[in-house]
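Worksheet for the structure shown next.
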Protein chains: 2
Amino acid sequence: MPDPTPDLSALLRPRSIAVIGASSQPEKVGGMPIRLLRELGYGGRVHPVNTASAEIQGLPATPSLGALGEPVDLAIVAVPALASADVMAQLAANGTRAAVFFTSGFAEVGEEGTRMQQALAEQARRHGITLLGPNCLGAMNLRERMFATFSPIPLSGLPPLGDVGLVSQSGAFGAYAFALAREAGLGLSHWVTTGNEAGLQVADVIEWLAHDDDTRVILTYMEGCRDGERLRRALAAARAAGKPVVVAKVGVTEAGARSAQSHTASLAGEDAVYQAVFDEYGVHRAESLEAFFRLGYVLSRGRRPSRWHSDSGLAADAVAPVAIVTVSGGVGIMMADRAEQLGLPMPPMPAAPAEALRRAIPFASTANPIDVTGQIVAQPRVLLDALRDVAACGEYGSVVAFLAAGANAPALWPELQRTVAALHDTADSAPLLLCGLVADDRRAWLEQHGCLVFREPAHAIEAVAALTRAAAQGAESRGEPGAEALPQLPRIPADANALSEHEAMQLLAEAGVPVAPHGLARDADEAVRIAERLGYPVAVKLCSREILHKSDVGGVALNLHDADAVRAAFARVRDAIGRHAAQPGGAPVPFEGVVVARMVRGWGELMVGVRRDPVFGLVALAGIGGTAVEVFRQMAFGLAPLSVPRALAMLRDSRAEALFAGHRGNPAVPLERVAQVLVRVSQAAAAIGPRLDTLEINPFIVTTEGPVAADAVITLRH
Amino acid sequence: MPDPTPDLSALLRPRSIAVIGASSQPEKVGGMPIRLLRELGYGGRVHPVNTASAEIQGLPATPSLGALGEPVDLAIVAVPALASADVMAQLAANGTRAAVFFTSGFAEVGEEGTRMQQALAEQARRHGITLLGPNCLGAMNLRERMFATFSPIPLSGLPPLGDVGLVSQSGAFGAYAFALAREAGLGLSHWVTTGNEAGLQVADVIEWLAHDDDTRVILTYMEGCRDGERLRRALAAARAAGKPVVVAKVGVTEAGARSAQSHTASLAGEDAVYQAVFDEYGVHRAESLEAFFRLGYVLSRGRRPSRWHSDSGLAADAVAPVAIVTVSGGVGIMMADRAEQLGLPMPPMPAAPAEALRRAIPFASTANPIDVTGQIVAQPRVLLDALRDVAACGEYGSVVAFLAAGANAPALWPELQRTVAALHDTADSAPLLLCGLVADDRRAWLEQHGCLVFREPAHAIEAVAALTRAAAQGAESRGEPGAEALPQLPRIPADANALSEHEAMQLLAEAGVPVAPHGLARDADEAVRIAERLGYPVAVKLCSREILHKSDVGGVALNLHDADAVRAAFARVRDAIGRHAAQPGGAPVPFEGVVVARMVRGWGELMVGVRRDPVFGLVALAGIGGTAVEVFRQMAFGLAPLSVPRALAMLRDSRAEALFAGHRGNPAVPLERVAQVLVRVSQAAAAIGPRLDTLEINPFIVTTEGPVAADAVITLRH
């Protein structure tokens with residue numbers, strides 16, 4: 001049963017705070033929170049708890065929580081690990097609703113620590129106390145000036161108050177990110193570090209922020225996630241609330257993942273699976289810290305692309321066309337390069353405004369990028385007319401303009417202001433994003449009028465792509481792939497570790513997956529009869545629940561052209577049982593028969609599978625089969641069961657779609673049909689339920705009729 | 001014959017400057033250079049030339065260059081295009097050595113302009129005048145405060161004087177880059193924009209800067225290059241001088257390349273070919289403006305990696321191992337991810353310093369990333385000892401340390417200074433790169449002591465990769481692939497448009513390229529004799545200089561297993577000549593025979609070719625053949641003839657190396673052997689000389705013996 005959604009209000013909006021282990025020395029772990037809460041203007045009550053002093057940093061101290069005589073919302077705990085169980089008991093007795101444990105010395109130091117941490121978590125759960133940490137740097141609510149942290153970093157200045165919530169597993173990362181947000185002027189609402197995650201996990205914070213009115217965008221740093229279900233629920237909540245989530249997830253490469261595993265207690269799943277989760281929920285992934293904050297800026301302040309003529313409802317994969325207006329041809333090309341890489345269409349300027357621009361500047365280019373040339377220094381009105389025209393024409397979802405140092409030019413600025421203000425007041429005009437050198441005060445003015453500003457041309461284009469994704473995420477209304485769509489599948493023997501190939505093929509066929517025509521034969525005569533019925537050439541393969549690597553023991557014969565060949569193959573394949581038993585570790589297995597299958601001819605192979613990820617459950621993968629599997633390693637992943645749009649995206653991301661495009665004299669196959677087959681494979685796996693370990697179809701032959709399964713392996717767990 | 005290396009000293013270090021079309025109004029094109037030269041402290045003589053005024057902006061003016069009575073080094077020309085021929089004649093009469101033409105209205109506006117531009121270039125060449133422009137924004141030498149530009153941008157401030165030369169084809173880009181360099185505090189030596197490139201091209205400026213003592217790093221913006229030979233010569237000069245070249249080359253994607261072609265007069269070659277040129281000369285390619293300047297910073301100020309134990313002479317592809325020291329596990333993982341992506345090895349900390357670190361901080365991680373934990377806030381000495389130990393141990397080429405806000409901490413800074421200073425004074429210690437928040441004055445101090453500073457963890461790692469590349473470039477001493485290595489090849493018929501398959505296979509065999517055993521048969525009996533000699537199965541293919549797409553007309557029969565099959569195939573294949581003649585546009589061609597070739601069995605296919613790029617000449621390409629060509633589009637390019645290291649890099653970049661790694665029960669094949677074959681193919685193409693149009697081997701079957709050519713097409717030009 002999933003845990004209930006945790007309530008973080010006592011943690012992040014406490015009316016009273018007790019500091020257990022309070023210190024008079026403000027630089028100590030137990031002193032810093034008191035200093036921060038007092039100096040930075042927290043409005044609630046603060047109760048230092050200290051047995052020795054009656055006053056701590058100017059506040060009356062209480063010798064124990066029990067002596068306080070009233071329940072507190074939040075306890076900040078800065079005592080050694082060994083004292084933590086006792087403290088937790090006091091919190092329970094007091095009726096404390098939430099606790100932050102700074103203390104280290106738990107799961108991160110070994111087995112004994114892990115046991116203490118489990119006990120602490122159990123205590124908190126029993127008494128309904130929301131637990132943050134242990135071994136964490138705490139939390140802040142910037143709106144309420146609530147600083148439950150021992151990091152001194154708020155003392156050197158706060159970022160502006162804003163609507164970006166930041167949650168980090170790592171304290172050190174969180175502190176650095178806080179400082180960078182301050183430098184970047186990114187407005188924060190909350191800041192939370194989760195440390196060892198004995199109670200609250202990153203996912204819980206995301207989910208709470210998804211419902212928090214002060215937060216519009218959620219920035220998340222994670223090394224791994226132990227509870228995939230919780231993370232998915234949180235991301236679904238953010239999506240439902242239309243709040244973009246930006247993730248910096250480390251451990252992308254093998255070396256990184258190794259470090260991540262040694263660094264945290266988390267079981268770091270495979271990065272590609274995380275990516276599938278992020279794709280499923282429209283999460284924005286940041287590849288660098290700079291991009292992390294830039295996405296925060298873009299998504300919290302940027303207007304979403306407007307509706308455009310060819311927009312048929314902002315589907316999940318819709319990409320808004322962009323108009324690029326530039327005073328420099330070269331920078332225009334730079335931006336066009338990036339737009340093409342991100343798949344943003346760049347339709348040319350419509351006829352009327354193009355004509356107007358050419359009348360004013362004969363050598364302007366009205367293709368897209370729209371090159372107004374350096375001439376606009378002398379004729380600013382021409383630039384501004386062009387901007388207004390493309391923003392209003394309905395052809396574009398967004399307009400990006402590179403002005404070099406133009407916005408600082410005295411002749412241009414007042415006119416630019418008028419144009420931006422007019423666009424800002426016109427609800428259905430496409431949002432304008434500027435790139436160039438802009439003085440700070442002018443930049444602030446532009447941002448207040450809905451116009452993002454960048455130095456780097458590529459960043460302006462990336463912003464358009466991120467805003468398009470965010471718009472699509474908000475518009476996307478499809479629910480989770482429905483369980484009601486799952487096929488009814490036959491019973492699976494309770495003691496089986498795998499299905500035989502025949503069983504696997506039957507199961508797939510019943511789920512609507514095209515499989516090679518085949519039959520099960522117990523003797524050579526039957527094998528020949530089946531072969532004659534199917535038509536030659538055929539394959540003959542040993543059918544067994546026990547022997548999965550049948551070709552290793554000579555259990556496969558391909559390309560059989562006549563009855564004699566089938567008879568000979570039957571004998572050889574049946575004898576594979578003996579060869580299997582003679583292997584080191586091999587055991588005798590009963591002969592269940594052979595599969596006789598028609599050889600399917602096609603012009604390529606897919607490999608499609610479903611496997612069980614320890615964190616996120618069933619994950620589907622698809623890509624080009626054969627040599628390409630090792631060579632290009634371009635498998636795409638998706639959560640199973642798949643939706644059709646997700647399956648289409650997997651075909652695109654793995655490049656498998658090229659096999660169906662009609663190259664080299666092969667016919668084109670509608671991608672929708674192929675995607676539908678992938679969906680059915682994933683549904684078949686899901687229908688097997690908790691018994692499924694892996695399902696693999698390899699090769700999945702590419703034919704005129706779409707992919708046809710030539711082999712299938714299904715392994716089970718107990 | 002190549003043009004001689006142009007001398008830019010009169011342009012960039014003039015002792016006297018005449019301004020033709022000088023204006024009293026400083027904001028005019030003919031007024032701005034005078035204002036800049038006067039206000040910003042140019043030390044040479046400035047002569048305004050103006051027929052109407054005796055004084056211009058406080059300087060005595062001369063009515064004509066003729067009236068000046070002395071030759072000037074440089075003329076800045078701001079007159080309409082139609083007057084340019086007349087001005088050029090005056091320059092010649094005066095003995096002017098160099099000229100900057102700001103004037104637009106030349107090749108960028110059409111045919112008439114192109115003719116005027118050609119005439120101007122011809123005049124300049126005849127009189128030995130170094131010509132910059134027309135339609136350019138001019139040039140600056142910041143050391144000599146020489147401003148031959150009409151851009152007002154220097155008035156709002158100059159970047160610091162430094163050793164980075166910047167050359168841009170585009171004026172608008174150049175101006176924006178100047179402003180960004182100023183903001184980034186990047187020290188510039190020269191700034192040149194080349195505009196229409198009637199005389200000087202970007203390549204000429206690179207070559208001159210390669211010999212300029214004031215320049216250490218060359219930043220280049222280009223949209224395209226018309227003269228590949230000149231660019232290669234320039235890049236070779238920079239490599240020989242050990243000066244890194246950073247290129248922002250736009251037009252990466254198809255959309256970008258289209259824009260680039262419409263924007264400039266340059267014939268923009270295929271981007272992959274430019275990349276091959278850049279790889280050949282160790283050029284650093286910047287994917288964004290931010291990276292452009294960051295690479296300038298890194299390469300001009302950064303120490304190259306030190307020698308390390310396993311360094312066997314810094315080969316061209318050597319990658320220096322990096323030590324990552326971090327106070328945050330999470331940021332350490334981020335850096336490890338990037339290092340892995342860039343192929344930087346991360347060996348663990350040697351035993352002795354690892355032991356010392358663990359003694360001080362028991363839960364520190366001494367794997368690499370080396371996680372000293374947040375504990376070092378309390379024990380700064382531990383961090384500094386670890387930094388000193390890893391820098392000195394000889395295991396690492398570079399050390400990257402993430403300190404978060406540590407360098408700003410009062411307790412850490414003096415100790416950090418001592419450590420950095422000590423490392424700086426130890427010649428063979430590995431250079432230290434810092435990442436974190438560092439106050440500006442401390443950052444300046446660190447940089448002066450050889451320590452680069454970054455905010456973004458990934459950037460510190462990218463800096464290590466760039467510095468490694470620069471060190472390898474400097475160490476690389478191999479010359480151009482030698483012409484003496486080219487094989488002697490048979491004469492090629494003067495009127496042929498192509499070689500027949502038999503001729504092509506012979507030519508490759510003589511160049512030392514493994515080809516399928518084969519023979520030429522004029523009749524069926526001979527075909528059978530050859531087949532019996534080679535052994536079955538064989539292929540029979542029409543052999544013709546005229547019919548290149550022989551399978552389209554049924555001119556290919558594969559997998560023939562006996563004499564009867566060969567006879568039948570011979571008849572069918574011979575008749576292909578008739579089918580070819582019967583096609584629309586087909587003409588009768590003589591029967592030259594058939595190639596009988598043994599079917600080569602392998603486990604994969606390469607496609608290897610050489611083609612003639614209009615700008616850079618012969619270019620080799622290689623990748624996985626078959627379906628992968630369309631699907632993954634992962635061909636790698638190299639200038640032909642190839643060197644072995646370049647061929648190895650192409651096998652890696654195209655992922656073709658995976659075919660030789662011994663997957664799926666196939667034997668491993670030494671990559672050196674495969675690379676050697678690629679080199680021979682490229683040498684064969686080069687040996688054909690100017691007649692070669694394209695050479696393509698497809699399929700090049702992957703066998704135990706390495707790749708074996710199963711087919712070859714060589715087309716010729718006249």
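How things are named: the first chain in the structure tokens is A, the next is B, and so on; residues count from 1 in each chain; ligands count from 1 in the order shown.
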(message) Set the distance at 8 Å and use only C-alpha atoms: which residues neighbour A:Met635 once local chain neighbours fewer than 5 positions away are removed? I'd like the list as an MDAnalysis selection string.
(response) chainID A and resid 621:624 629 653:654
Given the selection you just returned, output its residues as a file containing N, CA and C atoms, formatted as a CSV table (one decimal), in the first residue's frame.
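selection.csv was written with the following content:
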```csv
chain,number,residue,atom,x,y,z
A,621,LEU,N,11.8,-1.6,-23.4
A,621,LEU,CA,12.8,-1.0,-24.2
A,621,LEU,C,12.7,-1.5,-25.6
A,622,ALA,N,13.1,-0.7,-26.5
A,622,ALA,CA,13.0,-1.0,-27.9
A,622,ALA,C,14.2,-0.3,-28.7
A,623,GLY,N,14.6,-1.0,-29.8
A,623,GLY,CA,15.6,-0.4,-30.6
A,623,GLY,C,15.9,-1.4,-31.7
A,624,ILE,N,16.9,-1.0,-32.5
A,624,ILE,CA,17.3,-1.9,-33.6
A,624,ILE,C,18.0,-3.1,-33.1
A,629,VAL,N,22.7,-3.5,-31.6
A,629,VAL,CA,22.5,-3.5,-30.2
A,629,VAL,C,23.9,-3.2,-29.5
A,653,ASP,N,13.5,8.0,-30.8
A,653,ASP,CA,14.8,8.1,-30.1
A,653,ASP,C,15.8,7.0,-30.3
A,654,SER,N,15.3,5.8,-30.6
A,654,SER,CA,16.2,4.7,-30.9
A,654,SER,C,16.6,4.6,-32.3
```
(request) Output as a ChimeraX atom specification the set of chain A residues within 6 Å of chain B, with distances taken over only C-alpha atoms. (result) /A:172,176,250,252-253,256,259,328,333-334,336-337,404,631,658
(request) Just the strand (DSSP E) stuff from stretch 386-485 of chain B, please, per backbone DSSP, written as a PyMOL selection string. (result) chain B and resi 398-404+432-436+452-454
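Checking A:Ala569, A:Leu82, A:Ala240, A:Ala391 one by one against A:Met349, counting only C-alpha atoms, you find the shortest gap at A:Ala391.
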(request) Just give me the gap between atom CA of A:Gly31 and atom CA of B:Leu416 in Å, one decimal is fine. (result)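 Separating atom CA of A:Gly31 from atom CA of B:Leu416 is a distance of 27.3 Å.
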(message) With only C-alpha atoms as the counted atoms, please give the residues lying no more than 8 Å from A:Leu235, apart from itself and same-chain residues fewer than 3 positions off, as a list in words.
(response) Ala203, Ile206, Glu207, Leu231, Arg232, Ala238, Arg239, Val245, Tyr281 and Val283 of chain A
Same residues, N, CA and C atoms, output as an mmCIF file, in the first residue's frame:
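Saved as again01.cif:
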```
data_model
loop_
_atom_site.group_PDB
_atom_site.id
_atom_site.type_symbol
_atom_site.label_atom_id
_atom_site.label_comp_id
_atom_site.auth_asym_id
_atom_site.auth_seq_id
_atom_site.Cartn_x
_atom_site.Cartn_y
_atom_site.Cartn_z
ATOM 1 N N ALA A 203 10.858 12.986 -3.397
ATOM 2 C CA ALA A 203 9.547 12.875 -4.037
ATOM 3 C C ALA A 203 8.459 13.525 -3.194
ATOM 4 N N ILE A 206 8.600 17.244 -3.614
ATOM 5 C CA ILE A 206 8.051 17.635 -4.923
ATOM 6 C C ILE A 206 6.528 17.637 -4.865
ATOM 7 N N GLU A 207 5.977 16.581 -4.278
ATOM 8 C CA GLU A 207 4.512 16.474 -4.261
ATOM 9 C C GLU A 207 3.892 17.602 -3.444
ATOM 10 N N LEU A 231 7.936 8.628 -6.398
ATOM 11 C CA LEU A 231 8.423 9.658 -7.318
ATOM 12 C C LEU A 231 7.423 9.853 -8.456
ATOM 13 N N ARG A 232 6.885 8.758 -8.970
ATOM 14 C CA ARG A 232 5.927 8.880 -10.068
ATOM 15 C C ARG A 232 4.676 9.622 -9.614
ATOM 16 N N ALA A 238 2.733 17.113 -9.936
ATOM 17 C CA ALA A 238 3.279 18.358 -10.495
ATOM 18 C C ALA A 238 2.724 18.584 -11.897
ATOM 19 N N ARG A 239 2.648 17.511 -12.664
ATOM 20 C CA ARG A 239 2.116 17.656 -14.025
ATOM 21 C C ARG A 239 0.661 18.103 -13.966
ATOM 22 N N VAL A 245 8.833 20.585 -13.540
ATOM 23 C CA VAL A 245 9.869 20.063 -12.653
ATOM 24 C C VAL A 245 11.182 20.006 -13.446
ATOM 25 N N TYR A 281 6.691 12.022 -17.617
ATOM 26 C CA TYR A 281 6.004 13.094 -16.895
ATOM 27 C C TYR A 281 6.413 14.486 -17.376
ATOM 28 N N VAL A 283 9.275 15.912 -17.409
ATOM 29 C CA VAL A 283 10.279 16.564 -16.555
ATOM 30 C C VAL A 283 11.383 17.160 -17.438
#
```
(request) Write out as JSON, numbers by chain the residues lying within 12 Å of stretch 506-513 of chain B, counting only C-alpha atoms and excluding same-chain residues fewer than 5 positions away. (result) {"B": [485, 486, 487, 488, 489, 490, 491, 492, 499, 500, 501, 518, 519, 520, 595, 608, 673, 674, 675, 676, 677, 678, 679, 680, 681, 682, 683, 684, 685, 686, 687, 688, 695, 696, 697, 700, 705, 706, 707, 708, 709, 710, 711, 712, 713, 714]}
(request) Would you mind listing what lies within 12 Å of B:Pro410 as a count of residues only, with only C-alpha atoms counted and same-chain residues fewer than 3 positions away left out? (result) 14
(request) Could you tell me which of B:Pro517, B:Gly662, B:Pro60, B:Gly394 comes closest to B:Arg533 if we count only C-alpha atoms? (result)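 Closest candidate: B:Pro517.
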(request) Could you check which of A:Ser398, A:Gln90, A:Gln448, A:Asn135 is closest to A:Ile461, using only C-alpha atoms? (result)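 Closest to A:Ile461 of all the choices is A:Ser398.
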(request) Would you mind listing what lies within 12 Å of A:Val615 as a list in words, with only C-alpha atoms counted and same-chain residues fewer than 4 positions away left out? (result)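 Answer for this query is Gly224, Cys225, Arg226, Asp227, Gly228, Glu229, Arg230, Leu231, Arg232, Ser266, Leu267, Ala268, Gly269, Glu270, Asp271, Val273, Tyr274, Val277, Arg611, Val619 and Leu639 of chain A.
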(message) For the structure I just gave you, how does DSSP split stretch 407-503 of chain A - specifically, which residues are alpha helix (DSSP H)? Reply as JSON, numbers by chain.
(response) {"A": [413, 414, 415, 416, 417, 418, 419, 420, 421, 422, 423, 424, 440, 441, 442, 443, 444, 445, 446, 447, 448, 457, 458, 459, 460, 461, 462, 463, 464, 465, 466, 467, 468, 469, 470, 471, 472, 473, 474, 475, 501, 502, 503]}
(message) Between atom CA of A:Val390 and atom CA of A:Pro353, what is the distance in Å, rounded to a tenth?
(response)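 Interatomic distance, atom CA of A:Val390 to atom CA of A:Pro353: 7.5 Å.
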(message) What's around stretch 493-495 of chain B at 10 Å? Count only C-alpha atoms, leave out sequence neighbours fewer than 3 positions away in its own chain, and write the answer as a PyMOL selection string.
(response) chain B and resi 490+498-499+691+716-718
Could those selected residues go to a file with N, CA and C atoms, as a PDB file, in the first residue's frame?
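selection_17.pdb, freshly written:
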```pdb
ATOM      1  N   PRO B 490      48.283   1.928 -61.742  1.00  0.00           N
ATOM      2  CA  PRO B 490      48.332   1.817 -63.208  1.00  0.00           C
ATOM      3  C   PRO B 490      47.727   3.058 -63.858  1.00  0.00           C
ATOM      4  N   ALA B 498      34.702   6.325 -65.334  1.00  0.00           N
ATOM      5  CA  ALA B 498      34.746   5.443 -64.172  1.00  0.00           C
ATOM      6  C   ALA B 498      35.688   4.294 -64.510  1.00  0.00           C
ATOM      7  N   LEU B 499      36.113   3.581 -63.496  1.00  0.00           N
ATOM      8  CA  LEU B 499      36.799   2.312 -63.724  1.00  0.00           C
ATOM      9  C   LEU B 499      35.758   1.206 -63.688  1.00  0.00           C
ATOM     10  N   ARG B 691      42.292  13.172 -61.128  1.00  0.00           N
ATOM     11  CA  ARG B 691      41.205  12.523 -61.878  1.00  0.00           C
ATOM     12  C   ARG B 691      40.134  11.950 -60.948  1.00  0.00           C
ATOM     13  N   LEU B 716      35.505   8.928 -62.064  1.00  0.00           N
ATOM     14  CA  LEU B 716      36.584   9.854 -62.435  1.00  0.00           C
ATOM     15  C   LEU B 716      36.011  11.170 -62.945  1.00  0.00           C
ATOM     16  N   ARG B 717      36.824  12.184 -62.926  1.00  0.00           N
ATOM     17  CA  ARG B 717      36.438  13.455 -63.561  1.00  0.00           C
ATOM     18  C   ARG B 717      37.525  13.835 -64.557  1.00  0.00           C
ATOM     19  N   HIS B 718      37.262  14.830 -65.372  1.00  0.00           N
ATOM     20  CA  HIS B 718      38.237  15.183 -66.419  1.00  0.00           C
ATOM     21  C   HIS B 718      38.931  16.502 -66.112  1.00  0.00           C
TER      22      HIS B 718
END
```
(request) Can you work out the spacing between atom CA of A:Leu618 and atom CA of A:Glu197 in Å, to one decimal? (result)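 These two atoms are separated by 24.4 Å.
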